[in-house]
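Structure below is my_file-v8.cif: mmCIF, C-alpha atoms and all ligand atoms.
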data_data
loop_
_atom_site.label_atom_id
_atom_site.label_comp_id
_atom_site.auth_asym_id
_atom_site.auth_seq_id
_atom_site.Cartn_x
_atom_site.Cartn_y
_atom_site.Cartn_z
CA MET Z 27 17.56 7.22 19.83
CA LYS Z 28 15.86 10.16 18.21
CA VAL Z 29 15.82 10.72 14.46
CA GLU Z 30 17.66 14.05 14.74
CA ASP Z 31 20.50 12.47 16.73
CA PHE Z 32 20.79 9.61 14.27
CA ILE Z 33 20.99 11.78 11.17
CA GLY Z 34 23.45 14.14 12.88
CA ASP Z 35 24.91 16.58 10.38
CA GLU Z 36 24.40 14.38 7.32
CA LYS Z 37 23.61 16.72 4.44
CA LEU Z 38 22.31 14.39 1.77
CA PHE Z 39 19.40 11.91 1.80
CA SER Z 40 17.61 9.42 -0.45
CA ILE Z 41 14.13 8.09 0.25
CA ILE Z 42 12.66 4.74 -0.87
CA TYR Z 43 8.96 4.22 -0.16
CA HIS Z 44 6.44 1.43 -0.50
CA ARG Z 45 4.48 1.89 -3.71
CA ASP Z 46 1.05 2.54 -2.22
CA SER Z 47 -0.76 5.52 -0.81
CA ASP Z 48 0.60 5.16 2.74
CA GLY Z 49 4.13 4.80 1.38
CA LEU Z 50 3.96 7.71 -1.04
CA THR Z 51 2.45 10.13 1.48
CA SER Z 52 5.04 9.01 4.06
CA ALA Z 53 7.76 9.94 1.56
CA VAL Z 54 6.20 13.37 0.95
CA LEU Z 55 6.15 14.12 4.68
CA MET Z 56 9.67 12.79 5.13
CA LYS Z 57 11.08 14.94 2.35
CA LYS Z 58 9.39 18.03 3.78
CA TYR Z 59 10.75 17.25 7.22
CA LEU Z 60 14.34 16.84 5.99
CA GLU Z 61 14.12 20.03 3.96
CA SER Z 62 12.79 21.90 6.98
CA LEU Z 63 16.12 20.97 8.63
CA GLY Z 64 17.99 22.46 5.67
CA ARG Z 65 19.03 19.06 4.28
CA ARG Z 66 19.01 18.01 0.63
CA VAL Z 67 16.94 15.10 -0.65
CA PHE Z 68 18.74 13.61 -3.63
CA LEU Z 69 16.14 11.11 -4.80
CA VAL Z 70 12.73 9.77 -3.84
CA LYS Z 71 11.67 6.47 -5.44
CA PRO Z 72 9.05 3.74 -4.96
CA ASN Z 73 10.37 0.23 -4.34
CA ASP Z 74 10.91 -1.31 -7.76
CA ALA Z 75 10.85 -5.11 -7.42
CA PRO Z 76 7.82 -7.38 -6.76
CA GLY Z 77 6.14 -7.09 -3.38
CA ILE Z 78 8.38 -5.13 -1.04
CA GLY Z 79 11.53 -5.83 -3.05
CA VAL Z 80 14.20 -3.28 -3.96
CA THR Z 81 16.62 -3.91 -6.85
CA ASP Z 82 20.41 -3.51 -6.60
CA ARG Z 83 20.14 -0.98 -9.36
CA LEU Z 84 17.95 1.27 -7.22
CA LEU Z 85 20.22 0.78 -4.18
CA ARG Z 86 23.25 1.77 -6.26
CA SER Z 87 21.58 5.05 -7.22
CA VAL Z 88 21.20 6.07 -3.58
CA GLU Z 89 23.30 8.98 -2.33
CA GLY Z 90 23.72 9.93 1.31
CA LEU Z 91 21.71 8.50 4.15
CA LEU Z 92 19.01 6.08 3.01
CA VAL Z 93 15.53 6.56 4.44
CA ILE Z 94 13.08 3.68 3.90
CA VAL Z 95 9.44 4.29 4.75
CA ASP Z 96 6.48 1.91 4.98
CA ILE Z 97 8.49 -1.15 3.91
CA GLY Z 98 9.02 -4.12 6.22
CA VAL Z 99 12.61 -4.05 5.12
CA ASP Z 100 13.59 -6.32 8.03
CA GLN Z 101 11.89 -9.11 6.03
CA THR Z 102 14.30 -8.54 3.14
CA ASP Z 103 18.06 -8.61 2.68
CA VAL Z 104 18.23 -4.91 1.84
CA PRO Z 105 19.99 -4.13 5.18
CA GLU Z 106 22.74 -6.53 4.09
CA ARG Z 107 22.87 -5.33 0.49
CA PHE Z 108 23.19 -1.65 1.36
CA ASP Z 109 26.16 -0.81 3.55
CA GLY Z 110 25.52 2.86 4.39
CA LYS Z 111 23.42 4.37 7.14
CA ILE Z 112 19.69 3.57 7.02
CA LEU Z 113 16.71 5.11 8.76
CA VAL Z 114 13.65 2.82 8.65
CA ILE Z 115 10.17 4.04 9.62
CA ASP Z 116 7.64 1.24 9.33
CA HIS Z 117 4.49 -0.25 10.82
CA HIS Z 118 4.40 -3.84 9.55
CA ILE Z 119 4.88 -6.76 11.92
CA PRO Z 120 8.67 -6.93 12.21
CA SER Z 121 10.55 -10.18 11.73
CA ARG Z 122 13.72 -8.81 13.36
CA ASN Z 123 15.05 -5.70 15.07
CA LEU Z 124 17.51 -3.88 12.79
CA ASN Z 125 18.70 -1.30 15.32
CA SER Z 126 22.49 -0.94 15.32
CA GLU Z 127 25.11 1.79 14.92
CA ARG Z 128 24.33 1.88 11.23
CA ILE Z 129 20.55 1.48 11.27
CA LEU Z 130 17.79 3.29 13.18
CA HIS Z 131 14.70 1.08 12.98
CA ILE Z 132 11.52 2.83 14.09
CA ASN Z 133 8.46 0.60 14.36
CA PRO Z 134 6.10 0.93 17.35
CA ARG Z 135 5.60 -2.82 17.26
CA LEU Z 136 9.24 -3.29 18.33
CA GLU Z 137 8.19 -1.66 21.61
CA GLY Z 138 5.18 -3.94 21.95
CA ASP Z 139 2.64 -1.41 20.67
CA ASP Z 140 0.05 -3.48 18.83
CA VAL Z 141 -2.23 -0.66 17.67
CA TYR Z 142 -2.59 -0.49 13.87
CA ARG Z 143 -1.17 2.86 12.80
CA PRO Z 144 0.07 3.49 9.24
CA ALA Z 145 3.54 4.88 8.53
CA SER Z 146 2.18 8.24 7.35
CA TYR Z 147 0.55 8.70 10.75
CA LEU Z 148 3.78 7.83 12.61
CA ILE Z 149 5.74 10.34 10.53
CA TRP Z 150 3.13 13.05 10.95
CA LYS Z 151 3.13 12.47 14.71
CA MET Z 152 6.92 12.63 15.03
CA PHE Z 153 7.49 15.70 12.89
CA ARG Z 154 4.27 17.69 13.14
CA GLU Z 155 6.08 20.66 14.68
CA ARG Z 156 7.97 21.10 11.43
CA VAL Z 157 5.59 19.73 8.78
CA ASP Z 158 2.00 20.87 8.74
CA SER Z 159 0.63 18.73 5.87
CA GLU Z 160 -1.78 16.70 7.98
CA TRP Z 161 -4.12 16.13 5.04
CA VAL Z 162 -1.26 14.32 3.25
CA ALA Z 163 -0.94 11.97 6.21
CA GLY Z 164 -4.73 11.57 6.16
CA VAL Z 165 -4.60 10.23 2.59
CA GLY Z 166 -2.07 7.57 3.60
CA VAL Z 167 -4.01 6.64 6.72
CA TYR Z 168 -7.21 6.22 4.71
CA GLY Z 169 -5.38 4.15 2.09
CA ASP Z 170 -4.06 1.79 4.75
CA TYR Z 171 -7.42 1.36 6.57
CA GLY Z 172 -6.22 3.26 9.62
CA VAL Z 173 -8.72 6.07 10.25
CA GLY Z 174 -10.23 4.42 13.35
CA ASN Z 175 -6.89 4.39 15.17
CA CYS Z 176 -5.68 7.85 14.20
CA LYS Z 177 -8.29 10.08 15.77
CA ASP Z 178 -5.97 12.92 16.76
CA LEU Z 179 -4.86 13.25 13.13
CA MET Z 180 -8.44 13.15 11.86
CA ASP Z 181 -9.36 15.89 14.37
CA GLU Z 182 -6.54 18.10 13.13
CA ILE Z 183 -7.64 17.62 9.53
CA ALA Z 184 -11.25 18.40 10.45
CA LYS Z 185 -10.16 21.70 11.99
CA LYS Z 186 -8.26 22.87 8.92
CA TYR Z 187 -10.15 21.25 6.06
CA PRO Z 188 -13.70 20.41 7.16
CA ASP Z 189 -14.75 20.05 3.52
CA ILE Z 190 -12.50 17.11 2.67
CA LEU Z 191 -13.91 14.83 5.34
CA VAL Z 192 -17.31 13.35 6.04
CA GLU Z 193 -19.06 13.71 9.34
CA LYS Z 194 -18.10 10.24 10.52
CA ARG Z 195 -14.41 10.85 10.18
CA TYR Z 196 -13.40 7.90 12.38
CA ASP Z 197 -15.30 5.42 10.24
CA GLN Z 198 -13.28 3.84 7.44
CA VAL Z 199 -16.38 2.84 5.42
CA ALA Z 200 -18.14 6.20 5.75
CA MET Z 201 -14.87 7.86 4.71
CA ARG Z 202 -15.15 6.25 1.28
CA GLU Z 203 -17.30 9.26 0.38
CA SER Z 204 -14.60 11.75 1.33
CA LEU Z 205 -12.03 13.64 -0.71
CA LEU Z 206 -9.31 11.86 1.26
CA ALA Z 207 -10.52 8.59 -0.28
CA VAL Z 208 -10.50 10.11 -3.77
CA LEU Z 209 -6.91 11.25 -3.28
CA SER Z 210 -5.89 7.83 -2.04
CA ASP Z 211 -7.50 6.26 -5.12
CA MET Z 212 -5.57 8.77 -7.20
CA ILE Z 213 -2.28 7.33 -5.93
CA GLU Z 214 -3.50 3.79 -6.49
CA ALA Z 215 -4.61 4.80 -10.01
CA SER Z 216 -1.22 6.37 -10.77
CA ARG Z 217 0.47 3.07 -9.92
CA ALA Z 218 -2.09 0.86 -11.65
CA ILE Z 219 -2.25 2.86 -14.88
CA GLY Z 220 1.14 4.58 -15.01
CA GLY Z 221 3.39 2.09 -13.21
CA LEU Z 222 6.53 3.41 -11.50
CA ARG Z 223 6.53 6.47 -13.74
CA GLY Z 224 2.95 7.19 -12.71
CA LEU Z 225 3.99 6.99 -9.09
CA ASN Z 226 6.87 9.39 -9.66
CA ARG Z 227 4.38 11.85 -11.12
CA ALA Z 228 2.01 11.33 -8.22
CA PHE Z 229 4.83 12.01 -5.80
CA GLU Z 230 5.69 15.29 -7.53
CA GLU Z 231 2.07 16.44 -7.52
CA PHE Z 232 1.47 15.54 -3.88
CA TYR Z 233 4.74 17.14 -2.84
CA ARG Z 234 3.88 20.33 -4.69
CA ALA Z 235 0.22 20.67 -3.74
CA ASN Z 236 -0.59 23.16 -1.01
CA SER Z 237 -4.12 21.92 -0.53
CA PRO Z 238 -6.13 18.79 -1.32
CA SER Z 239 -8.28 20.51 -3.92
CA GLU Z 240 -5.23 21.43 -6.03
CA LEU Z 241 -4.78 17.75 -6.84
CA LEU Z 242 -8.23 17.65 -8.42
CA ARG Z 243 -6.85 20.00 -11.06
CA SER Z 244 -3.64 18.01 -11.63
CA ARG Z 245 -2.82 15.60 -14.45
CA LEU Z 246 -3.34 12.73 -12.00
CA VAL Z 247 -7.05 13.08 -12.72
CA LEU Z 248 -6.40 11.38 -16.07
CA TYR Z 249 -5.07 8.32 -14.29
CA LEU Z 250 -8.04 8.35 -11.96
CA ASP Z 251 -10.54 8.48 -14.84
CA LYS Z 252 -8.91 5.55 -16.64
CA TYR Z 253 -8.68 3.59 -13.43
CA ARG Z 254 -12.34 4.08 -12.57
CA GLY Z 255 -13.40 3.25 -16.11
CA GLU Z 256 -11.42 0.03 -16.07
CA LEU Z 257 -12.78 -1.00 -12.66
CA GLU Z 258 -16.30 -0.44 -13.96
CA ARG Z 259 -15.67 -2.52 -17.06
CA LEU Z 260 -14.21 -5.32 -14.95
CA GLU Z 261 -17.11 -5.24 -12.51
CA GLN Z 262 -19.53 -5.77 -15.37
CA ASP Z 263 -17.41 -8.60 -16.73
CA PHE Z 264 -17.13 -10.14 -13.26
CA ARG Z 265 -20.93 -10.25 -13.00
CA GLU Z 266 -21.18 -12.07 -16.32
CA ASN Z 267 -18.15 -14.29 -16.28
CA SER Z 268 -17.06 -15.16 -12.76
CA GLU Z 269 -17.62 -18.71 -11.63
CA TYR Z 270 -19.69 -19.20 -8.48
CA PHE Z 271 -19.22 -22.04 -5.99
CA PRO Z 272 -22.35 -22.16 -3.79
CA ASN Z 273 -20.92 -24.60 -1.27
CA ALA Z 274 -18.17 -22.20 -0.32
CA ASN Z 275 -20.04 -19.02 -1.32
CA ALA Z 276 -17.00 -18.20 -3.43
CA TYR Z 277 -16.43 -16.39 -6.73
CA VAL Z 278 -13.47 -17.16 -8.99
CA TYR Z 279 -12.67 -14.71 -11.74
CA MET Z 280 -9.87 -14.67 -14.30
CA ILE Z 281 -9.06 -11.03 -14.83
CA GLU Z 282 -7.92 -9.72 -18.19
CA SER Z 283 -6.64 -6.18 -18.07
CA ARG Z 284 -3.61 -4.36 -19.38
CA TYR Z 285 -3.36 -2.59 -16.02
CA ASN Z 286 -2.15 -3.69 -12.62
CA LEU Z 287 -5.30 -3.41 -10.61
CA SER Z 288 -6.14 -6.95 -9.50
CA SER Z 289 -5.58 -6.10 -5.87
CA SER Z 290 -7.74 -2.95 -5.89
CA PHE Z 291 -10.38 -4.74 -7.92
CA SER Z 292 -10.57 -7.66 -5.50
CA THR Z 293 -10.92 -5.24 -2.60
CA MET Z 294 -13.65 -3.26 -4.35
CA ILE Z 295 -15.72 -6.31 -5.32
CA SER Z 296 -15.31 -8.03 -1.95
CA GLU Z 297 -16.54 -4.98 -0.07
CA LYS Z 298 -19.81 -5.27 -1.98
CA ILE Z 299 -20.26 -8.97 -1.12
CA PRO Z 300 -18.52 -9.11 2.26
CA ASP Z 301 -19.48 -12.65 3.23
CA SER Z 302 -18.34 -14.19 -0.06
CA VAL Z 303 -14.86 -15.40 -0.82
CA VAL Z 304 -13.53 -13.51 -3.84
CA LEU Z 305 -10.62 -14.99 -5.78
CA ILE Z 306 -9.18 -12.91 -8.59
CA LEU Z 307 -6.71 -14.73 -10.82
CA LYS Z 308 -4.34 -13.11 -13.28
CA LYS Z 309 -2.00 -14.84 -15.67
CA ASN Z 310 1.30 -13.01 -15.73
CA ARG Z 311 4.66 -14.70 -15.94
CA VAL Z 312 3.28 -16.53 -12.92
CA LEU Z 313 -0.34 -16.97 -11.89
CA GLN Z 314 -1.14 -14.17 -9.49
CA VAL Z 315 -4.04 -14.64 -7.05
CA ASN Z 316 -5.77 -12.02 -4.90
CA ALA Z 317 -8.09 -13.44 -2.25
CA ARG Z 318 -10.59 -11.58 -0.09
CA CYS Z 319 -13.27 -12.37 2.44
CA GLN Z 320 -14.22 -9.15 4.19
CA SER Z 321 -16.50 -10.67 6.85
CA GLY Z 322 -13.71 -12.97 8.03
CA ARG Z 323 -15.92 -16.05 7.58
CA VAL Z 324 -13.11 -17.77 5.72
CA ASN Z 325 -9.47 -17.12 6.58
CA VAL Z 326 -8.11 -16.46 3.11
CA ALA Z 327 -4.46 -16.33 4.22
CA GLU Z 328 -4.78 -19.91 5.40
CA LEU Z 329 -6.67 -20.87 2.24
CA MET Z 330 -3.87 -19.46 0.08
CA ARG Z 331 -1.18 -21.23 2.09
CA GLU Z 332 -3.03 -24.53 1.86
CA LEU Z 333 -3.68 -24.33 -1.88
CA THR Z 334 -0.11 -23.41 -2.79
CA GLU Z 335 1.68 -25.85 -0.52
CA GLY Z 336 4.66 -27.26 -2.38
CA ILE Z 337 3.73 -25.59 -5.69
CA GLY Z 338 3.93 -21.85 -5.02
CA SER Z 339 3.74 -19.24 -2.29
CA GLY Z 340 0.72 -17.80 -0.54
CA GLY Z 341 -0.31 -15.93 2.58
CA GLY Z 342 -1.13 -12.49 3.94
CA HIS Z 343 -3.88 -11.25 6.21
CA GLU Z 344 -6.98 -13.11 7.40
CA ARG Z 345 -9.31 -11.03 5.19
CA ALA Z 346 -6.94 -10.12 2.37
CA ALA Z 347 -4.28 -12.44 1.03
CA GLY Z 348 -2.51 -13.45 -2.14
CA ALA Z 349 -0.55 -16.16 -3.87
CA HIS Z 350 1.90 -16.77 -6.71
CA VAL Z 351 2.03 -20.00 -8.66
CA PRO Z 352 4.65 -20.67 -11.37
CA ARG Z 353 3.31 -21.65 -14.80
CA ARG Z 354 4.19 -25.32 -14.56
CA HIS Z 355 2.03 -25.71 -11.44
CA VAL Z 356 -0.98 -23.67 -12.53
CA GLU Z 357 -3.04 -26.69 -13.57
CA GLU Z 358 -2.39 -28.41 -10.27
CA PHE Z 359 -3.34 -25.24 -8.41
CA LEU Z 360 -6.61 -24.86 -10.33
CA ASN Z 361 -7.48 -28.50 -9.64
CA ARG Z 362 -6.86 -28.04 -5.94
CA LEU Z 363 -8.87 -24.84 -5.92
CA ARG Z 364 -11.87 -26.40 -7.65
CA GLU Z 365 -11.79 -29.46 -5.42
CA LYS Z 366 -11.55 -27.31 -2.29
CA LEU Z 367 -14.42 -25.02 -3.24
CA GLU Z 368 -16.72 -27.80 -4.42
CA THR Z 369 -16.32 -29.85 -1.27
CA PHE Z 370 -16.06 -26.87 1.05
CA GLN Z 371 -17.04 -27.29 4.69
CA GLY Z 372 -17.37 -24.05 6.66
MN MN M 1 2.23 0.30 2.37
#
Translate this file's structure into C-alpha cells.
Amino acid sequence: MKVEDFIGDEKLFSIIYHRDSDGLTSAVLMKKYLESLGRRVFLVKPNDAPGIGVTDRLLRSVEGLLVIVDIGVDQTDVPERFDGKILVIDHHIPSRNLNSERILHINPRLEGDDVYRPASYLIWKMFRERVDSEWVAGVGVYGDYGVGNCKDLMDEIAKKYPDILVEKRYDQVAMRESLLAVLSDMIEASRAIGGLRGLNRAFEEFYRANSPSELLRSRLVLYLDKYRGELERLEQDFRENSEYFPNANAYVYMIESRYNLSSSFSTMISEKIPDSVVLILKKNRVLQVNARCQSGRVNVAELMRELTEGIGSGGGHERAAGAHVPRRHVEEFLNRLREKLETFQG
C-alpha cells in the first residue's frame, strides 16, 4: 500500500522520531512532505524514554495520525499502547511485521532488501518529487554511516551543493571533512548538550533552513562548540587516565561528564585506534557501557552479552555495542570485565 492511500484524507498528523541525526532529518523531510499535501503537522518530538522508548505521556499528546520515523517500533509495545492509525518508516532489522488495517509499516527489510539504507534516505527517495531538501537527507545518511549505499542521493547533493561535500562523496571516512558531517555533529551536539530541548531547537533550525550554510549561523553553533570542547577535554583525560589491558588490546575508561556524550566519545576514540577494544563506562542510575572495536577483531556485541549475563543487559552491533548494569551488580560486572581482559585469548 502506498503512503498516500494509507493517509487518505486525514488532515492532522504527529511525528515521533529517533533522537539522532538520521531520525531528526527524517522528521524534517516527513513534515515537509505532509505540508506539501496541504496537511497540518500538530507536533514533532524525539522519542523521550531510554533507547528507543516512548512514554505514555508523549503518546497521549499525539493528535491525528501518528508517524514514527527511524524507530524500530516493532521491538516495542508502542503499537499496542497507541490505538490510532500509525505510519512507520524505519530501516532497523524488524522483529515483526506490523502491517494491518491500522498500521502501515514501511521497512525495506520486510521485503528482504538487506542493503543498509538510513530512514532519511528512504523518505527522500519516496517523496523527492515533493520535497527537494536532499542535503537534509544527506546529513541523516552521513550520521547513520550510510553514504556508501546511497550514491544516487550523494550525486543529487553534489549537483546542487558541490561545496558541502568532499571529492570522495561515497566514502564515509573521507566525508568526515565535509559540511554534511559538521551538520550531523550539530544534531548530536544539540542532544548531548541540550537534551530533548536541544533537539527540539535543532529540529526547528533544520526545518527552517533553506541551505546548509544557514545552519552555521544558527544558535546550534553554541551547542557544537561546547560539544567539541568537551570531547577534547575527555580525549586528553582518556590518554592520561584510561586503563590499558595489553592482552586484549583494550582500553577501559570511566567517563565523568555532565553531558550525554559517551556514545559519541566512544565512537570518536575508537576510530583513532581501530584495532583496540574501547570500553567507556559511565555511572548513572545504572552503569552504562559503550563498547567499540572498529576493525571487527573482537565482536563487542558478544562481549557485552557475555559480561552482563544474568546481571544486566547488553548487545548491539559487532563493532559498536552497549550494556546496562544495575548498581547492585556493578562490582560483579567489573570483576568479570577485568578477568576477561586480563586472560583474553583472541
Ligand atoms: Mn536512528
*asked:* How would you report the residues lying within 6 Å of ligand MN 1 (chain M), as a list in words, if you count only C-alpha atoms and all ligand atoms?
replied: His44, Asp46, Asp48, Gly49 and Asp96 of chain Z
Give one line per residue of range 296-349 of chain Z that approaches range 56-80 of chain Z to at most 12 Å, naming the two atoms of the closest pair and their distance in Å to one decimal, counting all atoms listed in the file; sort by chain then ascending residue number and deliver it as a tab-separated table.
residue	atom	partner	partner_atom	distance
Z:Val312	CA	Z:Pro76	CA	11.9
Z:Gln314	CA	Z:Pro76	CA	11.6
Z:Gly342	CA	Z:Gly77	CA	11.6
Z:Gly348	CA	Z:Gly77	CA	10.8
Z:Ala349	CA	Z:Gly77	CA	11.3
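Reported to one decimal place, the separation of CA of Arg154 in chain Z from CA of Ile33 in chain Z is 17.8 Å.
A straight line drawn from CA of Val326 in chain Z to CA of Ala347 in chain Z is 5.9 Å long.
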Counting all atoms listed in the file, which residues in range 241-284 of chain Z sit no more than 10 Å from range 206-221 of chain Z? For each one, give the nearest pair of atoms and the distance in Å, sorted by chain then residue number, as JSON lines.
{"residue": "Z:Leu241", "atom": "CA", "partner": "Z:Leu209", "partner_atom": "CA", "distance": 7.7}
{"residue": "Z:Leu242", "atom": "CA", "partner": "Z:Leu209", "partner_atom": "CA", "distance": 8.3}
{"residue": "Z:Leu246", "atom": "CA", "partner": "Z:Met212", "partner_atom": "CA", "distance": 6.6}
{"residue": "Z:Val247", "atom": "CA", "partner": "Z:Met212", "partner_atom": "CA", "distance": 7.2}
{"residue": "Z:Leu248", "atom": "CA", "partner": "Z:Ser216", "partner_atom": "CA", "distance": 8.9}
{"residue": "Z:Tyr249", "atom": "CA", "partner": "Z:Ala215", "partner_atom": "CA", "distance": 5.6}
{"residue": "Z:Leu250", "atom": "CA", "partner": "Z:Ala215", "partner_atom": "CA", "distance": 5.3}
{"residue": "Z:Asp251", "atom": "CA", "partner": "Z:Ala215", "partner_atom": "CA", "distance": 8.5}
{"residue": "Z:Lys252", "atom": "CA", "partner": "Z:Ile219", "partner_atom": "CA", "distance": 7.4}
{"residue": "Z:Tyr253", "atom": "CA", "partner": "Z:Ala215", "partner_atom": "CA", "distance": 5.5}
{"residue": "Z:Arg254", "atom": "CA", "partner": "Z:Ala215", "partner_atom": "CA", "distance": 8.2}
{"residue": "Z:Glu256", "atom": "CA", "partner": "Z:Ile219", "partner_atom": "CA", "distance": 9.7}
{"residue": "Z:Arg284", "atom": "CA", "partner": "Z:Ile219", "partner_atom": "CA", "distance": 8.6}
*Please measure the separation of CA of Arg354 in chain Z and CA of Arg311 in chain Z, giving the value in Å to one decimal.*
10.7 Å
*asked:* Under the rule that all atoms listed in the file are counted, which of Z:Gly174, Z:Gly98, Z:Gly166, Z:Gly138 is the nearest residue to Phe232 in chain Z?
replied: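 For Phe232 in chain Z, the nearest of the given residues is Z:Gly166.
Closest approach to Asp140 in chain Z among Z:Ser121, Z:Gly169, Z:Asn175, Z:Ala276: Z:Asn175, based on all atoms listed in the file.
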Could you give me range 214-222 of chain Z completed to all heavy atoms, formatted as a PDB file, in the frame of the given file?
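What landed in out.pdb:
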ATOM      1  N   GLU Z 214      -3.344   5.165  -6.036  1.00  0.00           N
ATOM      2  CA  GLU Z 214      -3.500   3.790  -6.490  1.00  0.00           C
ATOM      3  C   GLU Z 214      -3.640   3.754  -8.026  1.00  0.00           C
ATOM      4  O   GLU Z 214      -3.054   2.915  -8.711  1.00  0.00           O
ATOM      5  CB  GLU Z 214      -4.745   3.190  -5.811  1.00  0.00           C
ATOM      6  CG  GLU Z 214      -4.945   1.714  -5.998  1.00  0.00           C
ATOM      7  CD  GLU Z 214      -3.717   0.880  -5.656  1.00  0.00           C
ATOM      8  OE1 GLU Z 214      -2.972   1.225  -4.715  1.00  0.00           O
ATOM      9  OE2 GLU Z 214      -3.498  -0.111  -6.358  1.00  0.00           O
ATOM     10  N   ALA Z 215      -4.406   4.708  -8.557  1.00  0.00           N
ATOM     11  CA  ALA Z 215      -4.610   4.800 -10.010  1.00  0.00           C
ATOM     12  C   ALA Z 215      -3.299   5.124 -10.726  1.00  0.00           C
ATOM     13  O   ALA Z 215      -3.007   4.572 -11.787  1.00  0.00           O
ATOM     14  CB  ALA Z 215      -5.659   5.865 -10.319  1.00  0.00           C
ATOM     15  N   SER Z 216      -2.494   6.000 -10.150  1.00  0.00           N
ATOM     16  CA  SER Z 216      -1.220   6.370 -10.770  1.00  0.00           C
ATOM     17  C   SER Z 216      -0.325   5.152 -10.900  1.00  0.00           C
ATOM     18  O   SER Z 216       0.357   4.966 -11.912  1.00  0.00           O
ATOM     19  CB  SER Z 216      -0.501   7.437  -9.933  1.00  0.00           C
ATOM     20  OG  SER Z 216      -1.340   8.552  -9.746  1.00  0.00           O
ATOM     21  N   ARG Z 217      -0.329   4.298  -9.880  1.00  0.00           N
ATOM     22  CA  ARG Z 217       0.470   3.070  -9.920  1.00  0.00           C
ATOM     23  C   ARG Z 217      -0.123   2.065 -10.907  1.00  0.00           C
ATOM     24  O   ARG Z 217       0.577   1.504 -11.747  1.00  0.00           O
ATOM     25  CB  ARG Z 217       0.548   2.445  -8.526  1.00  0.00           C
ATOM     26  CG  ARG Z 217       1.462   1.237  -8.449  1.00  0.00           C
ATOM     27  CD  ARG Z 217       1.188   0.387  -7.213  1.00  0.00           C
ATOM     28  NE  ARG Z 217      -0.181  -0.096  -7.180  1.00  0.00           N
ATOM     29  CZ  ARG Z 217      -0.654  -1.090  -7.951  1.00  0.00           C
ATOM     30  NH1 ARG Z 217       0.150  -1.709  -8.786  1.00  0.00           N
ATOM     31  NH2 ARG Z 217      -1.924  -1.450  -7.881  1.00  0.00           N
ATOM     32  N   ALA Z 218      -1.451   1.876 -10.823  1.00  0.00           N
ATOM     33  CA  ALA Z 218      -2.090   0.860 -11.650  1.00  0.00           C
ATOM     34  C   ALA Z 218      -1.986   1.204 -13.138  1.00  0.00           C
ATOM     35  O   ALA Z 218      -1.702   0.358 -13.972  1.00  0.00           O
ATOM     36  CB  ALA Z 218      -3.557   0.693 -11.247  1.00  0.00           C
ATOM     37  N   ILE Z 219      -2.226   2.458 -13.475  1.00  0.00           N
ATOM     38  CA  ILE Z 219      -2.250   2.860 -14.880  1.00  0.00           C
ATOM     39  C   ILE Z 219      -0.859   3.276 -15.373  1.00  0.00           C
ATOM     40  O   ILE Z 219      -0.454   2.940 -16.472  1.00  0.00           O
ATOM     41  CB  ILE Z 219      -3.240   4.042 -15.107  1.00  0.00           C
ATOM     42  CG1 ILE Z 219      -4.609   3.733 -14.504  1.00  0.00           C
ATOM     43  CG2 ILE Z 219      -3.339   4.402 -16.591  1.00  0.00           C
ATOM     44  CD1 ILE Z 219      -5.360   2.593 -15.121  1.00  0.00           C
ATOM     45  N   GLY Z 220      -0.127   4.013 -14.557  1.00  0.00           N
ATOM     46  CA  GLY Z 220       1.140   4.580 -15.010  1.00  0.00           C
ATOM     47  C   GLY Z 220       2.387   3.851 -14.548  1.00  0.00           C
ATOM     48  O   GLY Z 220       3.493   4.233 -14.924  1.00  0.00           O
ATOM     49  N   GLY Z 221       2.224   2.827 -13.693  1.00  0.00           N
ATOM     50  CA  GLY Z 221       3.390   2.090 -13.210  1.00  0.00           C
ATOM     51  C   GLY Z 221       4.302   2.974 -12.364  1.00  0.00           C
ATOM     52  O   GLY Z 221       3.851   3.948 -11.761  1.00  0.00           O
ATOM     53  N   LEU Z 222       5.595   2.648 -12.349  1.00  0.00           N
ATOM     54  CA  LEU Z 222       6.530   3.410 -11.500  1.00  0.00           C
ATOM     55  C   LEU Z 222       6.618   4.862 -11.951  1.00  0.00           C
ATOM     56  O   LEU Z 222       6.746   5.775 -11.143  1.00  0.00           O
ATOM     57  CB  LEU Z 222       7.917   2.757 -11.503  1.00  0.00           C
ATOM     58  CG  LEU Z 222       7.981   1.358 -10.865  1.00  0.00           C
ATOM     59  CD1 LEU Z 222       9.410   0.819 -10.897  1.00  0.00           C
ATOM     60  CD2 LEU Z 222       7.453   1.349  -9.438  1.00  0.00           C
TER      61      LEU Z 222
END
